[in-house]
file coords-v6.cif (mmCIF, C-alpha atoms)
data_coords
loop_
_atom_site.label_atom_id
_atom_site.label_comp_id
_atom_site.auth_asym_id
_atom_site.auth_seq_id
_atom_site.Cartn_x
_atom_site.Cartn_y
_atom_site.Cartn_z
CA MET U 208 0.00 0.00 0.00
CA ILE U 209 1.25 3.47 -0.92
CA HIS U 210 0.98 6.21 1.72
CA PHE U 211 1.25 9.82 0.60
CA PRO U 212 2.50 12.71 2.74
CA ALA U 213 0.13 13.56 5.56
CA GLN U 214 -2.16 16.53 5.02
CA ARG U 215 -3.14 19.08 7.62
CA ARG U 216 -6.39 17.34 8.46
CA GLY U 217 -7.14 13.81 7.34
CA PRO U 218 -10.55 12.42 6.37
CA LEU U 219 -10.86 10.53 9.66
CA SER U 220 -10.71 13.72 11.71
CA ALA U 221 -13.19 15.41 9.35
CA LEU U 222 -15.61 12.49 9.71
CA SER U 223 -15.18 12.55 13.49
CA LEU U 224 -16.12 16.22 13.60
CA ARG U 225 -19.23 15.59 11.50
CA LEU U 226 -20.24 12.66 13.69
CA ALA U 227 -19.81 14.77 16.81
CA ALA U 228 -21.93 17.52 15.24
CA ALA U 229 -24.70 15.03 14.36
CA ILE U 230 -24.74 13.58 17.87
CA GLY U 231 -24.81 17.11 19.28
CA LEU U 232 -27.86 17.94 17.18
CA VAL U 233 -29.68 14.82 18.37
CA LEU U 234 -28.92 15.63 22.01
CA ALA U 235 -30.05 19.23 21.56
CA VAL U 236 -33.40 18.13 20.10
CA VAL U 237 -33.81 15.55 22.89
CA ALA U 238 -33.23 18.27 25.50
CA VAL U 239 -35.79 20.64 23.92
CA VAL U 240 -38.45 17.94 23.55
CA TYR U 241 -37.86 16.58 27.06
CA LEU U 242 -38.29 20.03 28.59
CA GLU U 243 -41.62 20.42 26.75
CA ARG U 244 -42.73 16.79 26.94
CA GLU U 245 -46.09 17.79 28.41
CA GLN U 246 -46.94 19.52 25.11
CA TYR U 247 -46.49 16.36 23.03
CA ARG U 248 -48.92 13.50 22.57
CA ASP U 249 -47.97 9.85 22.38
CA ASN U 250 -50.26 7.25 20.79
CA ASN U 251 -50.04 5.23 23.99
CA GLY U 252 -51.30 8.19 25.99
CA ASP U 253 -48.85 7.56 28.85
CA GLY U 254 -46.67 10.66 28.28
CA LEU U 255 -43.12 10.94 26.97
CA THR U 256 -40.19 9.36 28.74
CA LEU U 257 -36.55 10.26 28.08
CA LEU U 258 -36.32 7.27 25.74
CA ASP U 259 -39.39 8.53 23.86
CA CYS U 260 -37.66 11.90 23.46
CA PHE U 261 -34.62 10.20 21.96
CA TYR U 262 -36.90 8.20 19.67
CA TYR U 263 -38.74 11.35 18.53
CA ALA U 264 -35.48 13.22 17.92
CA VAL U 265 -33.99 10.43 15.83
CA VAL U 266 -37.06 9.78 13.66
CA SER U 267 -37.60 13.52 13.18
CA LEU U 268 -34.01 14.38 12.23
CA SER U 269 -33.77 11.37 9.91
CA THR U 270 -37.08 12.46 8.25
CA THR U 271 -38.62 9.07 9.01
CA GLY U 272 -41.57 10.62 10.90
CA TYR U 273 -43.83 7.76 11.98
CA GLY U 274 -46.33 10.20 13.48
CA ASP U 275 -46.83 8.31 16.74
CA ILE U 276 -45.47 11.29 18.71
CA VAL U 277 -46.70 14.73 17.67
CA PRO U 278 -46.62 18.27 19.10
CA MET U 279 -50.06 19.28 20.42
CA THR U 280 -49.77 22.92 21.49
CA GLN U 281 -48.96 26.02 19.48
CA GLN U 282 -45.76 26.50 21.47
CA ALA U 283 -44.53 22.97 20.70
CA ARG U 284 -45.29 23.44 17.00
CA LEU U 285 -43.46 26.78 16.99
CA VAL U 286 -40.42 25.09 18.53
CA ASN U 287 -40.58 22.46 15.78
CA ILE U 288 -40.69 25.18 13.12
CA VAL U 289 -37.96 27.34 14.60
CA PHE U 290 -35.59 24.67 15.95
CA VAL U 291 -36.38 21.05 15.02
CA THR U 292 -36.88 21.65 11.28
CA PRO U 293 -33.60 23.61 10.80
CA ALA U 294 -31.87 20.94 12.89
CA ARG U 295 -33.33 18.28 10.55
CA VAL U 296 -31.96 20.11 7.49
CA LEU U 297 -28.57 20.54 9.14
CA PHE U 298 -28.54 16.88 10.13
CA LEU U 299 -29.14 15.84 6.52
CA ILE U 300 -26.42 18.21 5.33
CA ILE U 301 -23.99 16.55 7.76
CA LEU U 302 -24.93 13.06 6.53
CA VAL U 303 -24.66 14.01 2.86
CA GLY U 304 -21.45 15.93 3.50
CA THR U 305 -19.94 12.91 5.22
CA THR U 306 -20.75 10.70 2.25
CA LEU U 307 -19.32 13.27 -0.15
CA GLU U 308 -16.20 13.58 2.00
CA VAL U 309 -15.54 9.85 1.78
CA LEU U 310 -16.13 9.72 -1.96
CA THR U 311 -14.08 12.87 -2.57
CA GLU U 312 -11.18 11.58 -0.50
CA GLN U 313 -11.19 8.29 -2.42
CA TYR U 314 -11.19 10.18 -5.70
CA ARG U 315 -8.46 12.55 -4.51
CA THR U 316 -6.28 9.65 -3.34
CA GLY U 317 -6.76 7.89 -6.66
CA ARG U 318 -5.75 11.02 -8.56
CA ARG U 319 -2.66 11.54 -6.37
CA LEU U 320 -1.65 7.93 -6.95
CA HIS U 321 -2.10 8.19 -10.71
CA ARG U 322 -0.22 11.50 -10.87
CA TRP U 323 2.61 10.15 -8.71
CA GLU U 324 2.97 6.99 -10.80
CA ARG U 325 3.23 9.09 -13.98
CA ARG U 326 5.90 11.40 -12.58
CA VAL U 327 8.04 9.14 -10.42
CA LYS U 328 11.42 8.70 -12.10
CA ASP U 329 15.09 9.09 -11.16
CA HIS U 330 14.06 8.92 -7.52
CA VAL U 331 15.88 7.45 -4.53
CA ILE U 332 14.33 4.54 -2.63
CA ILE U 333 15.13 4.27 1.08
CA CYS U 334 14.59 0.77 2.45
CA GLY U 335 14.07 1.30 6.17
CA TYR U 336 13.11 4.46 8.05
CA GLY U 337 15.18 3.95 11.17
CA THR U 338 18.08 6.08 12.36
CA LYS U 339 20.21 5.24 9.30
CA GLY U 340 17.38 5.80 6.85
CA ARG U 341 16.42 9.16 8.34
CA SER U 342 20.05 10.30 8.35
CA ALA U 343 20.45 9.28 4.71
CA ILE U 344 17.34 11.26 3.76
CA SER U 345 18.64 14.32 5.62
CA ALA U 346 21.93 14.09 3.73
CA LEU U 347 20.13 13.75 0.38
CA MET U 348 17.97 16.79 1.05
CA GLU U 349 20.98 18.82 2.22
CA ASN U 350 22.58 18.10 -1.15
CA GLY U 351 19.58 19.45 -3.04
CA LEU U 352 17.41 16.38 -3.67
CA ASP U 353 13.74 17.33 -3.57
CA LYS U 354 11.56 15.55 -1.02
CA SER U 355 9.17 14.45 -3.77
CA ARG U 356 11.97 12.32 -5.30
CA ILE U 357 12.41 10.23 -2.16
CA VAL U 358 10.36 7.07 -1.57
CA VAL U 359 10.48 5.20 1.73
CA VAL U 360 9.85 1.46 1.96
CA GLU U 361 8.95 0.47 5.52
CA ARG U 362 6.78 -2.20 7.12
CA ALA U 363 6.61 -0.82 10.68
CA GLY U 364 3.48 1.27 11.26
CA PRO U 365 4.95 3.97 13.54
CA ALA U 366 7.93 4.57 11.22
CA LEU U 367 5.57 4.65 8.24
CA ARG U 368 3.39 7.32 9.86
CA GLN U 369 6.46 9.32 10.80
CA ALA U 370 7.68 9.24 7.19
CA THR U 371 4.36 10.50 5.80
CA SER U 372 4.08 13.16 8.51
CA ASN U 373 7.52 14.39 7.37
CA GLY U 374 6.17 14.87 3.85
CA LEU U 375 7.52 11.68 2.25
CA VAL U 376 5.84 9.08 0.07
CA ALA U 377 6.00 5.72 1.83
CA ILE U 378 5.35 2.17 0.63
CA GLU U 379 4.04 -0.19 3.30
CA GLY U 380 5.67 -3.62 3.16
CA SER U 381 8.95 -5.48 3.21
CA ALA U 382 11.64 -4.39 0.76
CA THR U 383 12.57 -8.04 0.28
CA ARG U 384 9.35 -8.55 -1.73
CA SER U 385 9.37 -7.86 -5.46
CA SER U 386 5.78 -6.57 -5.43
CA VAL U 387 6.65 -3.89 -2.87
CA LEU U 388 9.71 -2.72 -4.81
CA ASN U 389 7.67 -2.66 -8.01
CA GLN U 390 5.18 -0.37 -6.25
CA ALA U 391 8.13 1.91 -5.53
CA HIS U 392 9.00 1.81 -9.27
CA VAL U 393 12.46 0.45 -8.60
CA ARG U 394 13.23 0.00 -12.30
CA THR U 395 13.10 3.75 -12.93
CA ALA U 396 14.87 4.70 -9.70
CA LYS U 397 18.21 6.47 -9.58
CA ALA U 398 19.46 4.61 -6.52
CA VAL U 399 18.35 2.31 -3.73
CA ILE U 400 19.67 2.87 -0.22
CA ILE U 401 19.35 -0.19 2.01
CA ALA U 402 19.17 0.86 5.67
CA THR U 403 17.51 -2.13 7.30
CA ASP U 404 18.12 -3.29 10.87
CA SER U 405 19.79 -6.59 9.97
CA ASP U 406 22.44 -7.67 7.48
CA ASP U 407 20.36 -10.72 6.51
CA ALA U 408 17.51 -8.50 5.36
CA SER U 409 19.96 -6.18 3.57
CA VAL U 410 21.35 -9.10 1.55
CA LEU U 411 17.85 -10.20 0.51
CA VAL U 412 16.90 -6.65 -0.47
CA ALA U 413 20.10 -6.27 -2.54
CA LEU U 414 19.43 -9.56 -4.34
CA THR U 415 15.83 -8.59 -5.06
CA VAL U 416 16.78 -5.14 -6.37
CA ARG U 417 19.51 -6.59 -8.59
CA GLN U 418 17.12 -9.17 -9.99
CA LEU U 419 14.43 -6.59 -10.77
CA THR U 420 16.77 -3.98 -12.27
CA ALA U 421 19.42 -6.21 -13.87
CA GLY U 422 22.08 -4.20 -12.06
CA GLN U 423 21.11 -0.93 -13.77
CA VAL U 424 20.17 0.87 -10.53
CA ARG U 425 22.88 1.85 -8.05
CA ILE U 426 22.57 0.06 -4.70
CA ILE U 427 24.08 1.47 -1.51
CA ALA U 428 23.80 -0.70 1.58
CA ALA U 429 24.65 -0.38 5.25
CA ALA U 430 26.16 -3.40 7.02
CA ARG U 431 26.40 -3.85 10.75
CA GLU U 432 29.35 -6.25 10.56
CA ALA U 433 32.42 -5.95 8.31
CA GLU U 434 32.37 -9.68 7.49
CA ASN U 435 29.01 -9.21 5.72
CA ALA U 436 30.26 -6.45 3.41
CA PRO U 437 31.67 -8.86 0.75
CA LEU U 438 28.40 -10.80 0.79
CA LEU U 439 26.44 -7.61 0.19
CA LYS U 440 28.69 -6.70 -2.73
CA GLN U 441 28.22 -10.17 -4.20
CA SER U 442 24.47 -9.68 -3.80
CA GLY U 443 24.58 -6.58 -6.01
CA ALA U 444 25.45 -3.65 -3.73
CA HIS U 445 27.76 -1.14 -5.43
CA HIS U 446 28.79 0.48 -2.16
CA VAL U 447 28.69 -0.90 1.38
CA ILE U 448 29.01 1.23 4.49
CA VAL U 449 30.05 -0.78 7.56
CA SER U 450 28.42 1.02 10.46
CA SER U 451 30.04 -0.91 13.31
CA ALA U 452 33.55 -0.58 11.87
CA THR U 453 33.07 3.13 11.22
CA ALA U 454 31.81 3.68 14.74
CA GLY U 455 34.75 1.67 16.09
CA ARG U 456 37.28 3.80 14.20
CA LEU U 457 35.65 6.97 15.49
CA LEU U 458 35.82 5.62 19.03
CA GLY U 459 39.50 4.84 18.54
CA LEU U 460 40.18 8.32 17.16
CA SER U 461 38.41 9.91 20.09
CA THR U 462 40.89 8.17 22.41
CA SER U 463 44.16 8.45 20.52
CA ALA U 464 43.58 11.78 18.71
CA PRO U 465 40.61 13.65 20.23
CA PRO U 466 40.80 16.70 17.90
CA LEU U 467 40.34 14.46 14.86
CA ILE U 468 36.96 13.26 16.07
CA ASP U 469 35.86 16.90 16.33
CA VAL U 470 36.89 17.44 12.71
CA VAL U 471 35.00 14.34 11.55
CA GLU U 472 31.87 15.34 13.47
CA ASP U 473 32.09 18.82 11.96
CA LEU U 474 32.30 17.37 8.46
CA LEU U 475 29.33 15.06 9.03
CA THR U 476 27.09 17.52 10.90
CA PRO U 477 25.21 19.93 8.60
CA GLY U 478 25.36 23.64 9.30
CA GLN U 479 28.17 23.41 11.85
CA GLY U 480 31.21 24.62 9.92
CA MET U 481 32.81 22.36 7.32
CA ALA U 482 31.05 19.97 4.97
CA LEU U 483 32.13 17.57 2.24
CA ALA U 484 30.84 18.39 -1.21
CA MET U 485 31.45 17.39 -4.83
CA ARG U 486 31.18 19.37 -8.06
CA SER U 487 32.24 19.12 -11.66
CA ALA U 488 35.54 20.66 -12.69
CA GLU U 489 35.03 23.92 -14.56
CA ARG U 490 36.63 24.59 -17.94
CA HIS U 491 39.18 27.08 -16.65
CA GLU U 492 40.27 24.58 -13.94
CA VAL U 493 41.23 21.83 -16.41
CA GLY U 494 45.00 21.44 -16.62
CA LYS U 495 45.64 23.02 -13.25
CA SER U 496 46.75 21.35 -10.05
CA PRO U 497 43.94 20.88 -7.48
CA ARG U 498 46.18 22.57 -4.93
CA GLU U 499 46.17 25.79 -6.96
CA LEU U 500 42.43 26.31 -6.64
CA ASP U 501 40.78 28.56 -4.09
CA THR U 502 38.53 25.61 -3.22
CA LEU U 503 40.05 23.14 -0.75
CA VAL U 504 40.10 20.01 -2.95
CA ILE U 505 40.92 16.75 -1.15
CA ALA U 506 40.35 14.21 -3.96
CA LEU U 507 39.24 13.74 -7.56
CA VAL U 508 36.70 11.35 -8.98
CA ARG U 509 37.78 10.28 -12.46
CA ARG U 510 35.67 7.84 -14.48
CA GLY U 511 34.00 6.58 -11.33
CA LYS U 512 37.21 6.02 -9.37
CA VAL U 513 38.64 8.09 -6.53
CA VAL U 514 42.04 9.65 -7.26
CA THR U 515 43.88 11.10 -4.27
CA LEU U 516 46.10 14.14 -4.56
CA ALA U 517 49.06 12.01 -3.46
CA ASP U 518 48.76 9.99 -6.68
CA ARG U 519 50.58 11.16 -9.78
CA ALA U 520 47.28 11.02 -11.68
CA GLY U 521 45.80 13.51 -9.21
CA ALA U 522 48.40 16.19 -9.89
CA VAL U 523 46.41 17.70 -12.79
CA ILE U 524 42.68 18.16 -13.27
CA GLU U 525 41.31 16.56 -16.42
CA THR U 526 38.11 17.15 -18.37
CA GLY U 527 35.19 15.32 -16.76
CA ASP U 528 36.76 15.16 -13.29
CA MET U 529 34.63 15.62 -10.20
CA LEU U 530 36.22 17.62 -7.40
CA VAL U 531 35.71 16.45 -3.83
CA HIS U 532 36.18 19.52 -1.67
CA VAL U 533 35.50 20.96 1.76
CA ARG U 534 33.08 23.89 1.79
CA ASP U 535 32.00 26.31 4.46
CA ASP U 536 28.62 25.09 5.68
CA ARG U 537 27.86 27.74 8.26
CA PRO U 538 24.45 29.43 7.77
CA ALA U 539 26.02 32.89 7.70
CA ALA U 540 28.47 31.83 4.98
CA ASN U 541 25.65 30.41 2.84
CA THR U 542 23.77 33.72 2.89
CA LEU U 543 26.70 35.85 1.75
CA PRO U 544 26.34 37.28 -1.81
#

call {"tool": "encode", "arguments": {"input": "coords-v6.cif", "output": "structure tokens"}}
result
Amino acid sequence: MIHFPAQRRGPLSALSLRLAAAIGLVLAVVAVVYLEREQYRDNNGDGLTLLDCFYYAVVSLSTTGYGDIVPMTQQARLVNIVFVTPARVLFLIILVGTTLEVLTEQYRTGRRLHRWERRVKDHVIICGYGTKGRSAISALMENGLDKSRIVVVERAGPALRQATSNGLVAIEGSATRSSVLNQAHVRTAKAVIIATDSDDASVLVALTVRQLTAGQVRIIAAAREAENAPLLKQSGAHHVIVSSATAGRLLGLSTSAPPLIDVVEDLLTPGQGMALAMRSAERHEVGKSPRELDTLVIALVRRGKVVTLADRAGAVIETGDMLVHVRDDRPAANTLP
């Protein structure tokens, strides 16, 4: 099932408000009739009880009108004209409006689904909306990817609701199933990020994605254990991030070289100071050394491979190179002209 971003007020809350209004109208009519019960006649001739007042209110507002309880005095009839009849009209409006709300919402959802299926292309699929998945989405959006081009695949209800409340399209189900990935239009995706809670599930997701896309869609997977990284690559993952090993290295750095951990945290935390970025080499930069540029270049990406500045090949920028650089990510720096 596909869940679209949450709107300000869902149909359930709208229906609840209408139901509360209808019940309020019934109770109001019951109160008026009960206060003037002596001015009504019952076919049984034994007077109106509270239950009779409820019965009269319901059959009157629903326009059933059996006629077994009728107003006898001029005052009771005036109350029916001034209060009960408008309440009956309002009650019908609420019922019809509720029906129209349900039908309209179904039509609106169908249109959103059709429009989304026509436009979804070159998107990024996030398998798992846990800590890793949310962090990956934040990084994608910080690098300019629009929220509409992100699709979350998640089977846990709370995480699914959180994703839609954050304005994301979410597919309910397991990413190991072909039908779920097909709902996410995996064949037209730009990349699939696997951020599940277990390496076993990550391997199955990678195999399923590779089978459906014939290896044409880039797969990036997170592994908890380093020994599972080769298995994920064999399963079709192009890149594997070992979370436990990375965390272990950071812990080691924090002990042996504390300032380095501050630098790494600064690079990985958006809006703090420094940030890693990548851009294409400009025409006037071709033929120059990366060290000559005003931008702090730390590596080149040439034909899909990373070239460090320590390599002889990284001494000169070539046409088509991508420059990996450190940019100033402070909010004040980003607002300067």

call {"tool": "closest_residue", "arguments": {"input": "coords-v6.cif", "among": "U:Ala430, U:Ala363, U:Leu297, U:Leu419", "to": "Arg384 (chain U)", "atoms": "all atoms listed in the file"}}
result
U:Leu419

call {"tool": "residues_around", "arguments": {"input": "coords-v6.cif", "residues": "region 347-361 of chain U", "least_positions_apart": "5", "cutoff": "7 Å", "atoms": "all atoms listed in the file", "output": "list in words"}}
result
His330, Val331, Ile332, Ile333, Cys334, Gly335, Tyr336, Leu367, Leu375, Val376, Ala377, Ile378, Glu379, Gly380, Ser381, Ala382 and Ala391 of chain U

call {"tool": "closest_residue", "arguments": {"input": "coords-v6.cif", "among": "U:Ala488, U:Leu483, U:Leu460, U:Ala433", "to": "Asp536 (chain U)", "atoms": "all atoms listed in the file"}}
result
U:Leu483

call {"tool": "closest_residue", "arguments": {"input": "coords-v6.cif", "among": "U:Thr383, U:Thr256, U:Asn389, U:Gln423", "to": "Glu324 (chain U)", "atoms": "all atoms listed in the file"}}
result
U:Asn389

call {"tool": "atom_distance", "arguments": {"input": "coords-v6.cif", "atom1": "CA of Ala444 (chain U)", "atom2": "CA of Lys328 (chain U)"}}
result
20.5 Å

call {"tool": "resolve_selection", "arguments": {"input": "coords-v6.cif", "expression": "the PyMOL selection byres ((chain U and resi 418) around 12)", "output": "list in words"}}
result
Thr383, Arg384, Ser385, Leu388, Asn389, Val393, Arg394, Leu411, Val412, Ala413, Leu414, Thr415, Val416, Arg417, Leu419, Thr420, Ala421, Gly422, Gln423, Val424, Ile426, Ser442, Gly443 and Ala444 of chain U
